[in-house]
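*Asks:* You'll find run.txt just under this line, and it carries compact mmCIF, C-alpha atoms.
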```
# COMPACT_ATOMS: atom_id res chain seq x y z
CA MET F 1 124.58 102.67 127.60
CA SER F 2 123.41 106.13 126.63
CA ILE F 3 119.88 106.75 127.83
CA ASN F 4 119.45 108.89 124.72
CA ASN F 5 119.66 105.81 122.50
CA ILE F 6 116.01 104.82 122.75
CA LYS F 7 114.83 102.34 120.10
CA ILE F 8 111.18 102.22 119.05
CA CYS F 9 109.61 98.99 117.77
CA PRO F 10 106.08 99.41 116.43
CA SER F 11 104.12 96.18 116.89
CA LEU F 12 102.39 94.97 113.75
CA LEU F 13 99.73 93.39 115.97
CA SER F 14 97.92 96.75 115.92
CA CYS F 15 98.41 97.72 112.28
CA ASP F 16 95.91 97.49 109.43
CA PHE F 17 96.75 94.07 107.97
CA SER F 18 94.87 94.87 104.77
CA ARG F 19 97.58 97.48 104.16
CA LEU F 20 100.53 95.64 105.69
CA GLY F 21 103.17 96.75 103.19
CA GLU F 22 102.02 100.38 103.34
CA GLU F 23 101.97 100.30 107.14
CA ILE F 24 105.55 98.99 107.26
CA GLN F 25 106.69 101.71 104.87
CA ALA F 26 104.87 104.37 106.91
CA ILE F 27 106.39 103.43 110.26
CA THR F 28 109.83 103.14 108.65
CA GLU F 29 109.54 106.66 107.26
CA ALA F 30 108.21 107.85 110.63
CA GLY F 31 111.46 106.90 112.37
CA ALA F 32 110.95 103.39 113.76
CA ASP F 33 114.09 101.42 114.61
CA MET F 34 112.78 97.87 114.40
CA ILE F 35 109.56 96.10 113.47
CA HIS F 36 108.05 93.95 116.20
CA CYS F 37 106.25 90.80 115.07
CA ASP F 38 104.07 89.05 117.66
CA ILE F 39 103.78 85.34 116.84
CA MET F 40 100.88 83.71 118.72
CA ASP F 41 99.62 80.14 118.45
CA GLY F 42 96.36 80.11 120.41
CA ARG F 43 97.95 77.80 122.98
CA PHE F 44 100.65 79.71 124.85
CA VAL F 45 98.46 82.81 124.56
CA PRO F 46 94.72 83.09 123.77
CA ASN F 47 95.15 84.51 120.28
CA ILE F 48 96.47 83.49 116.85
CA THR F 49 98.45 85.79 114.56
CA PHE F 50 100.74 84.61 111.76
CA GLY F 51 103.69 82.35 111.00
CA PRO F 52 106.83 82.05 108.85
CA PRO F 53 105.14 82.49 105.43
CA VAL F 54 103.82 85.96 106.33
CA LEU F 55 107.17 86.90 107.86
CA ALA F 56 108.94 85.77 104.67
CA SER F 57 106.56 87.92 102.61
CA ILE F 58 107.39 90.97 104.74
CA LYS F 59 111.17 90.57 104.65
CA PRO F 60 111.92 91.65 101.05
CA HIS F 61 109.99 94.89 101.57
CA CYS F 62 111.47 95.76 104.95
CA THR F 63 114.64 97.79 105.55
CA LEU F 64 114.41 97.61 109.35
CA PRO F 65 115.39 94.65 111.54
CA LEU F 66 112.57 92.20 112.19
CA ASP F 67 112.16 91.67 115.92
CA VAL F 68 110.23 88.40 116.16
CA HIS F 69 108.64 87.48 119.50
CA LEU F 70 107.56 83.84 119.75
CA MET F 71 104.59 83.46 122.08
CA ILE F 72 104.14 79.80 121.21
CA GLU F 73 104.34 76.38 122.78
CA GLU F 74 107.36 74.24 121.88
CA PRO F 75 109.26 77.05 120.13
CA GLU F 76 112.17 74.68 119.55
CA LYS F 77 110.16 73.13 116.71
CA TYR F 78 109.90 76.42 114.81
CA VAL F 79 112.96 78.61 115.41
CA GLU F 80 114.72 77.42 112.26
CA ASP F 81 111.65 78.27 110.13
CA PHE F 82 111.46 81.78 111.56
CA VAL F 83 115.17 82.40 111.07
CA LYS F 84 114.89 81.23 107.46
CA ALA F 85 111.86 83.49 107.01
CA GLY F 86 113.94 86.52 107.92
CA ALA F 87 113.98 87.15 111.68
CA ASP F 88 116.88 89.38 112.69
CA ILE F 89 116.33 88.77 116.38
CA LEU F 90 114.23 85.93 117.76
CA THR F 91 112.92 86.19 121.31
CA ILE F 92 111.50 83.23 123.19
CA GLN F 93 109.41 83.08 126.35
CA VAL F 94 111.31 81.53 129.24
CA GLU F 95 108.03 79.86 130.29
CA SER F 96 107.46 78.17 126.92
CA THR F 97 110.30 75.66 126.77
CA VAL F 98 111.89 73.14 129.12
CA HIS F 99 115.42 73.89 127.91
CA PRO F 100 115.72 77.64 127.22
CA HIS F 101 119.52 77.57 127.50
CA ARG F 102 119.78 74.97 124.75
CA LEU F 103 117.27 76.80 122.55
CA LEU F 104 119.02 80.17 122.85
CA GLY F 105 122.25 78.48 121.81
CA ARG F 106 120.48 76.97 118.83
CA ILE F 107 119.17 80.36 117.71
CA LYS F 108 122.68 81.81 117.91
CA ASP F 109 124.06 78.84 115.96
CA LEU F 110 121.56 79.66 113.21
CA GLY F 111 123.17 83.08 112.87
CA CYS F 112 120.33 85.02 114.47
CA LYS F 113 120.34 87.30 117.49
CA ALA F 114 118.54 85.83 120.49
CA GLY F 115 116.41 87.25 123.26
CA ILE F 116 114.59 85.95 126.32
CA VAL F 117 111.13 87.12 127.46
CA LEU F 118 109.44 87.10 130.88
CA ASN F 119 105.72 87.33 131.53
CA PRO F 120 104.55 89.65 134.34
CA GLY F 121 104.27 86.78 136.84
CA THR F 122 107.74 85.38 136.12
CA SER F 123 110.69 86.30 138.34
CA GLU F 124 113.83 87.76 136.82
CA GLU F 125 115.75 85.01 138.61
CA SER F 126 114.48 82.60 135.94
CA ILE F 127 116.79 84.24 133.38
CA ARG F 128 119.90 84.94 135.49
CA TYR F 129 121.89 82.06 134.00
CA LEU F 130 120.64 82.74 130.47
CA VAL F 131 121.92 86.32 130.25
CA PRO F 132 125.32 85.42 128.73
CA LEU F 133 123.51 83.89 125.74
CA VAL F 134 121.16 86.75 124.90
CA ASP F 135 121.36 90.01 122.98
CA MET F 136 118.18 91.35 124.54
CA VAL F 137 115.78 90.78 127.43
CA LEU F 138 112.08 91.57 126.95
CA VAL F 139 109.90 92.34 129.96
CA MET F 140 106.19 91.88 129.30
CA SER F 141 104.33 94.66 131.11
CA VAL F 142 100.94 93.17 130.26
CA ASN F 143 99.82 89.55 130.14
CA PRO F 144 100.45 88.63 126.51
CA GLY F 145 97.83 87.78 123.95
CA PHE F 146 96.10 91.01 122.99
CA GLY F 147 97.00 94.59 122.13
CA GLY F 148 95.63 97.67 123.85
CA GLN F 149 96.10 96.55 127.46
CA SER F 150 97.08 98.84 130.34
CA PHE F 151 100.64 98.95 131.65
CA ILE F 152 101.23 96.95 134.85
CA ARG F 153 103.12 99.38 137.10
CA ASP F 154 104.48 96.60 139.30
CA MET F 155 106.88 95.83 136.44
CA LEU F 156 108.92 99.01 137.02
CA PRO F 157 111.05 97.60 139.89
CA LYS F 158 111.49 94.40 137.88
CA ILE F 159 112.79 96.41 134.92
CA SER F 160 115.32 98.10 137.20
CA ARG F 161 116.52 94.82 138.66
CA ILE F 162 116.93 93.31 135.21
CA ARG F 163 118.91 96.34 134.02
CA ASP F 164 121.31 95.75 136.93
CA MET F 165 121.52 92.08 135.94
CA ILE F 166 122.19 92.46 132.21
CA GLY F 167 124.59 95.39 132.00
CA ASP F 168 124.60 97.09 128.58
CA ARG F 169 122.43 94.56 126.75
CA ASP F 170 119.21 95.81 125.21
CA LEU F 171 116.26 95.83 127.62
CA GLN F 172 112.91 95.86 125.86
CA VAL F 173 109.46 96.47 127.36
CA ASP F 174 106.19 95.53 125.70
CA GLY F 175 102.69 96.31 126.93
CA GLY F 176 100.81 99.52 127.61
CA VAL F 177 103.64 101.71 126.31
CA ASP F 178 102.61 105.28 125.50
CA ALA F 179 104.11 108.76 125.87
CA GLU F 180 103.40 108.82 129.62
CA THR F 181 104.32 105.29 130.69
CA ALA F 182 107.43 105.44 128.50
CA LYS F 183 108.94 108.07 130.80
CA GLU F 184 108.77 105.72 133.78
CA ILE F 185 109.85 102.71 131.75
CA VAL F 186 112.95 104.46 130.43
CA ALA F 187 113.75 105.87 133.88
CA ALA F 188 113.63 102.30 135.22
CA GLY F 189 116.30 101.23 132.72
CA ALA F 190 114.67 100.11 129.48
CA ASN F 191 116.05 101.34 126.15
CA VAL F 192 113.83 99.47 123.64
CA LEU F 193 110.10 100.22 123.59
CA VAL F 194 107.45 98.16 121.82
CA ALA F 195 104.26 100.08 121.07
CA GLY F 196 101.32 98.92 119.01
CA SER F 197 98.00 100.63 119.55
CA TYR F 198 99.63 103.86 120.75
CA ILE F 199 101.46 104.32 117.45
CA PHE F 200 98.94 102.87 115.00
CA ASN F 201 95.96 104.67 116.59
CA HIS F 202 97.80 107.99 116.69
CA GLY F 203 97.03 110.63 114.10
CA SER F 204 100.72 110.88 113.23
CA TYR F 205 103.06 107.89 113.38
CA ALA F 206 106.06 110.25 113.31
CA GLU F 207 104.76 112.28 116.24
CA ALA F 208 104.00 109.16 118.29
CA ILE F 209 107.44 107.67 117.64
CA GLY F 210 109.10 111.01 118.37
CA LEU F 211 107.35 111.32 121.72
CA LEU F 212 108.47 107.83 122.70
CA LYS F 213 112.06 108.44 121.61
CA ASN F 214 112.16 111.56 123.75
CA ALA F 215 110.73 109.85 126.83
CA HIS F 216 114.07 110.31 128.63
CA ALA F 217 113.66 114.09 128.32
CA GLY F 218 110.45 114.02 130.32
```
Any chance you could put this one into structure tokens?
*Replies:*
Amino acid sequence: MSINNIKICPSLLSCDFSRLGEEIQAITEAGADMIHCDIMDGRFVPNITFGPPVLASIKPHCTLPLDVHLMIEEPEKYVEDFVKAGADILTIQVESTVHPHRLLGRIKDLGCKAGIVLNPGTSEESIRYLVPLVDMVLVMSVNPGFGGQSFIRDMLPKISRIRDMIGDRDLQVDGGVDAETAKEIVAAGANVLVAGSYIFNHGSYAEAIGLLKNAHAG
């Protein structure tokens, strides 16, 4: 994989939801590669966001792939709804389901790309036998549930070990990503960066995305 091929996924968790369509258009024009949708149920994580109806309303107005991260209990009950709503890649938490192997296969059978996610306290060994089924691995570098948290530096060696494990598959990192932490994250082996508050609180979405895309140059 070329380290120059950095993909930026702005997280809608930090956008202005009263201007959702405008925000999506703005980050698209600013150079984003994917749109990251955090789905939270108030059970798996201590927050609630949105579900398939909102995702379906976004889809017709979105030209970028929808990267949908399910932070929910019993995701097996809902994957079909999210695929129908327009998810281009659906990532599930390895901690959230008893049979992640079966569920990843189900997502692929539905014609959607599949990814697996690990919380900070979860060992990479938990996904070793799932790698053949996934298009992407997501390393959470904060404890999920809220935007604006600080990057957990202990995740850097974990990112490197996962890169060695997964070969050329996409390796995404979410949590505390900004222009400075991105340099270390990319150096550790990640090529897909999720950023919410850093992008949406920046004075220029294009400048923020550009700084993240050029993290390898730092």
*Asks:* Name the closest residue to Thr97 in chain F among the candidates F:Lys77, F:Ala182, F:Leu110, F:Gly31; distances are taken between atoms, counting all atoms listed in the file.
*Replies:*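 The closest residue to Thr97 in chain F is F:Lys77.
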*Asks:* Rank nothing, just name the residue among F:Ala30, F:Ile107, F:Ile72, F:Val142 nearest to Arg43 in chain F, using all atoms listed in the file.
*Replies:*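 The answer is F:Ile72, which sits nearest to Arg43 in chain F.
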*Asks:* Using all atoms listed in the file, which residues sit within 8 Å of range 200-212 of chain F once same-chain residues fewer than 5 positions away are excluded, as a list of chain:residue names?
*Replies:* F:Ile8, F:Ser14, F:Cys15, F:Ala26, F:Ile27, F:Glu29, F:Ala30, F:Gly31, F:Ala32, F:Asp178, F:Ala179, F:Ala182, F:Leu193
*Asks:* With only C-alpha atoms as the counted atoms, please give the residues lying no more than 10 Å from range 51-60 of chain F, apart from itself and same-chain residues fewer than 5 positions off, as JSON, numbers by chain.
*Replies:* {"F": [20, 21, 24, 37, 38, 39, 40, 41, 65, 66, 68, 70, 78, 79, 80, 81, 82, 83, 84, 85, 86, 87, 88]}
*Asks:* Keeping C-alpha atoms, export the residues of the selection given above as a short mmCIF file (atom, residue, chain, number, x, y, z; two decimals), in the coordinates of the input.
*Replies:*
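Generated file (out-v6.cif):
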```
data_model
loop_
_atom_site.label_atom_id
_atom_site.label_comp_id
_atom_site.auth_asym_id
_atom_site.auth_seq_id
_atom_site.Cartn_x
_atom_site.Cartn_y
_atom_site.Cartn_z
CA LEU F 20 100.53 95.64 105.69
CA GLY F 21 103.17 96.75 103.19
CA ILE F 24 105.55 98.99 107.26
CA CYS F 37 106.25 90.80 115.07
CA ASP F 38 104.07 89.05 117.66
CA ILE F 39 103.78 85.34 116.84
CA MET F 40 100.88 83.71 118.72
CA ASP F 41 99.62 80.14 118.45
CA PRO F 65 115.39 94.65 111.54
CA LEU F 66 112.57 92.20 112.19
CA VAL F 68 110.23 88.40 116.16
CA LEU F 70 107.56 83.84 119.75
CA TYR F 78 109.90 76.42 114.81
CA VAL F 79 112.96 78.61 115.41
CA GLU F 80 114.72 77.42 112.26
CA ASP F 81 111.65 78.27 110.13
CA PHE F 82 111.46 81.78 111.56
CA VAL F 83 115.17 82.40 111.07
CA LYS F 84 114.89 81.23 107.46
CA ALA F 85 111.86 83.49 107.01
CA GLY F 86 113.94 86.52 107.92
CA ALA F 87 113.98 87.15 111.68
CA ASP F 88 116.88 89.38 112.69
#
```
*Asks:* Kindly indicate which residue among F:Phe44, F:Tyr198, F:Phe151, F:Phe17 lies nearest to Pro120 in chain F, using only C-alpha atoms for the distances.
*Replies:*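 Residue with the minimum atom-to-atom distance to Pro120 in chain F: F:Phe151.
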*Asks:* Rounded to one decimal, what separation in Å do you get between CA of Met155 in chain F and CA of Cys112 in chain F?
*Replies:*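 So the answer is 27.9 Å.
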*Asks:* Take CA of Glu180 in chain F and CA of Val194 in chain F and report the distance between them in Å, one decimal.
*Replies:*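 About the pair CA of Glu180 in chain F and CA of Val194 in chain F: they are 13.8 Å apart.
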*Asks:* Just the number, please: distance in Å from CA of Val139 in chain F to CA of Ile185 in chain F, one decimal.
*Replies:*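 Interatomic distance here is 10.5 Å.
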*Asks:* With all atoms listed in the file as the basis for distance, which of F:Lys7, F:His61, F:Arg153, F:His69 is at the shortest distance from Ala215 in chain F?
*Replies:* F:Lys7
*Asks:* Ranking F:Pro132, F:Gly167, F:Gly42, F:Gly121 by minimum distance to Asp154 in chain F and counting only C-alpha atoms, which one comes first?
*Replies:*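 Answer, going by the shortest atom-to-atom distance: F:Gly121.
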*Asks:* I need the residue nearest Asp67 in chain F from this list: F:Thr28, F:Ser11, F:Ser197, F:Asn119. Use all atoms listed in the file for the distance.
*Replies:*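 Checking each candidate against Asp67 in chain F, we get F:Ser11 as the closest.
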*Asks:* Give me the residues within 12 Å of Arg102 in chain F as a list in words, counting all atoms listed in the file and dropping any in the same chain fewer than 2 places off.
*Replies:*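 Skipping anything fewer than 2 positions along the chain leaves Pro75, Glu76, Ile92, Val94, Thr97, Val98, His99, Pro100, Leu104, Gly105, Arg106, Ile107, Lys108, Asp109, Ala114, Tyr129, Leu130, Leu133 and Val134 of chain F.
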